[in-house]
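Engineer: Before I ask anything, here is the structure I am working with.
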Amino acid sequence: MAVPRRLANGGGMGRAGTLAPELPGAALPATRFETMLEAAGAVLPARFAAASRAARAEVAAPNAHEAALRDVSAGVAAPFLISYAAWILRDAERRGIGRIYFLARDGQVLLDLARALAPRLGLDHIDCRYLYASRQAWLRNVADLQATSAGHWLWWGVWQGFVAGQTTLANLKRRLGVPGSDLDAGLAEAGFGPGSDDRPVAAEDVPRLEDFFRSEAFAAALAGSRAANRRLLHDYLAQEGLFDPVPSAMVDIGWAGNLHAALAGMQEAAGAAPAHGYYFGFNAKQLEGRAAQRSRFQYDFDDPDALARFKPAFKQDLVEIYTEIFCAADHGTL
């Protein structure tokens, strides 16, 4: 369910005054989400609660399921996403950032909100753009694909418990973007002959597979397609202004910084300043040495104090799942 239009247009975010008492839906009983917002005892949460109630009054809910979607959209997703978008804009202004790129696909909804909020915050001079990005389109062209560490994006689903059917050689070939025929000879020498592609990767396969991905044969197979794809990626980033002398930022919701690391590396290689990174939350994986180039809205587990104080009782998986649901785009993967 989409965020209600009244909230997407910044309802309740005026700079002065309070929401008019005659707002539609003012007589509706508060949801538990609105009650929690009102209990915060601050002006902005109270406005969010009133805007949520007004939005609910405009959205029909013929059954309990639709009512739940409406209530969560108005009382949870909208305040969360609007707050994140407003924080990004204000921090970008403070840093002198002139252009903000919202990464596909999680940035689509946030971009719409930022463009609606910017004039109301007096920040419409900041250029907000959409940038197509994905791990497959970016990382397979710039990351070290011969690193087989557990945190490497290529191996997610391989090293996590070896769930039967979760990852196969065919899946890895698709992620790599390398013609399977270019890899088959080397894989066969490593013990993965005909018929291995669709067999789930098992624990006993790992040492042989790691050896192959660290081999010169794999590097040679990767080189041909990677050079052309890297040129294409470079040209796209240049077309979108990522190498311009304009202070820029990129927006993601999280979590590991892989795309930010890839983008910053491409910018530095082209002689441009790396973009600042905005995250809802950061899990401290791929941006070692770039702490000054990122900001987080809620948490950064690269901070030892935050890690010790916050993470033990933190339902990280649930936070990430629901945030990604709220930010779901209307188009497929790149």
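Labels for the structure tokens follow display order: chains A, B, ..., residues from 1 in each chain, ligands from 1.
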Which polymer residues have any atom within 9 Å of an atom of Leu237 (chain A), counting only C-alpha atoms, with same-chain residues fewer than 3 positions away left out, as a PyMOL selection string?
Structural biologist: chain A and resi 131+232-234+240-243+263+266-267
Engineer: I need the residues from that last selection saved to file as a compact mmCIF listing (two decimals), in the first residue's frame (with C-alpha atoms), if you can.
Structural biologist:
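Result file follows (out-v2.txt):
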# COMPACT_ATOMS: atom_id res chain seq x y z
CA LEU A 131 20.53 6.82 -9.65
CA LEU A 232 29.70 1.14 -19.37
CA LEU A 233 29.35 1.85 -15.64
CA HIS A 234 31.90 4.66 -15.81
CA GLU A 240 24.64 11.42 -14.33
CA GLY A 241 27.17 13.96 -13.05
CA LEU A 242 28.96 11.86 -10.43
CA PHE A 243 32.34 13.13 -11.64
CA LEU A 263 30.80 4.48 -6.05
CA MET A 266 34.94 4.91 -9.10
CA GLN A 267 34.78 8.64 -8.29
Engineer: At a cut-off of 8 Å, using only C-alpha atoms, what residues contact Arg208 (chain A)? Leave out same-chain residues fewer than 3 positions from it and give the result as a ChimeraX atom specification.
Structural biologist: /A:190-191,205,211-212
Engineer: Mind running region 152-252 of chain A against region 89-95 of chain A at 9 Å and telling me each contacting residue's nearest atom pair with the distance in Å (one decimal), counting only C-alpha atoms, chain and number ascending, as JSON lines?
Structural biologist:
{"residue": "A:Pro247", "atom": "CA", "partner": "A:Arg95", "partner_atom": "CA", "distance": 8.9}
{"residue": "A:Ser248", "atom": "CA", "partner": "A:Ala92", "partner_atom": "CA", "distance": 8.7}
{"residue": "A:Ala249", "atom": "CA", "partner": "A:Ala92", "partner_atom": "CA", "distance": 7.8}
Engineer: Please return as a PyMOL selection string: the residues of region 56-176 of chain A that backbone DSSP assigns to strand (DSSP E or B).
Structural biologist: chain A and resi 99-103+127-131+168
Engineer: Pull N, CA, C and O atoms from the residues just selected and write them as a tab-separated table (two decimals), in the first residue's frame.
Structural biologist:
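And here is the file that came out, again_19.tsv:
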chain	number	residue	atom	x	y	z
A	99	ARG	N	23.97	18.26	-4.51
A	99	ARG	CA	23.27	17.24	-5.31
A	99	ARG	C	23.19	15.95	-4.51
A	99	ARG	O	24.20	15.48	-3.97
A	100	ILE	N	21.98	15.39	-4.42
A	100	ILE	CA	21.76	14.15	-3.68
A	100	ILE	C	21.23	13.10	-4.63
A	100	ILE	O	20.23	13.31	-5.31
A	101	TYR	N	21.90	11.95	-4.66
A	101	TYR	CA	21.48	10.83	-5.50
A	101	TYR	C	20.83	9.76	-4.63
A	101	TYR	O	21.45	9.24	-3.69
A	102	PHE	N	19.59	9.43	-4.93
A	102	PHE	CA	18.87	8.39	-4.22
A	102	PHE	C	19.01	7.09	-5.01
A	102	PHE	O	18.57	6.99	-6.15
A	103	LEU	N	19.66	6.09	-4.40
A	103	LEU	CA	19.99	4.88	-5.12
A	103	LEU	C	18.77	3.98	-5.31
A	103	LEU	O	17.98	3.75	-4.39
A	127	ASP	N	19.60	19.70	-5.53
A	127	ASP	CA	19.21	18.88	-6.68
A	127	ASP	C	19.08	17.42	-6.25
A	127	ASP	O	20.08	16.78	-5.91
A	128	CYS	N	17.87	16.89	-6.25
A	128	CYS	CA	17.62	15.50	-5.85
A	128	CYS	C	17.39	14.65	-7.10
A	128	CYS	O	16.51	14.96	-7.91
A	129	ARG	N	18.16	13.59	-7.25
A	129	ARG	CA	18.11	12.76	-8.44
A	129	ARG	C	18.00	11.27	-8.08
A	129	ARG	O	18.34	10.88	-6.97
A	130	TYR	N	17.59	10.49	-9.06
A	130	TYR	CA	17.51	9.03	-8.92
A	130	TYR	C	18.69	8.42	-9.65
A	130	TYR	O	19.01	8.81	-10.78
A	131	LEU	N	19.37	7.45	-9.03
A	131	LEU	CA	20.53	6.82	-9.65
A	131	LEU	C	20.31	5.31	-9.66
A	131	LEU	O	20.14	4.69	-8.61
A	168	THR	N	23.48	-22.16	-5.87
A	168	THR	CA	24.06	-23.11	-6.79
A	168	THR	C	25.13	-22.41	-7.62
A	168	THR	O	25.25	-21.18	-7.61
Engineer: Identify which of the residues A:Gly98, A:Gly193, A:Pro200, A:Pro179 lies closest to Ala275 (chain A), counting only C-alpha atoms when measuring atom-to-atom distances.
Structural biologist: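 Answer, going by the shortest atom-to-atom distance: A:Gly98.
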Engineer: Write out as a list in words each polymer residue whose atoms come within 8 Å of region 319-324 of chain A, counting only C-alpha atoms; drop sequence neighbours fewer than 3 positions from it.
Structural biologist: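 Once the adjacent positions are removed, what remains is Asp106, Ile253, Lys315, Gln316, Cys327 and Ala328 of chain A.
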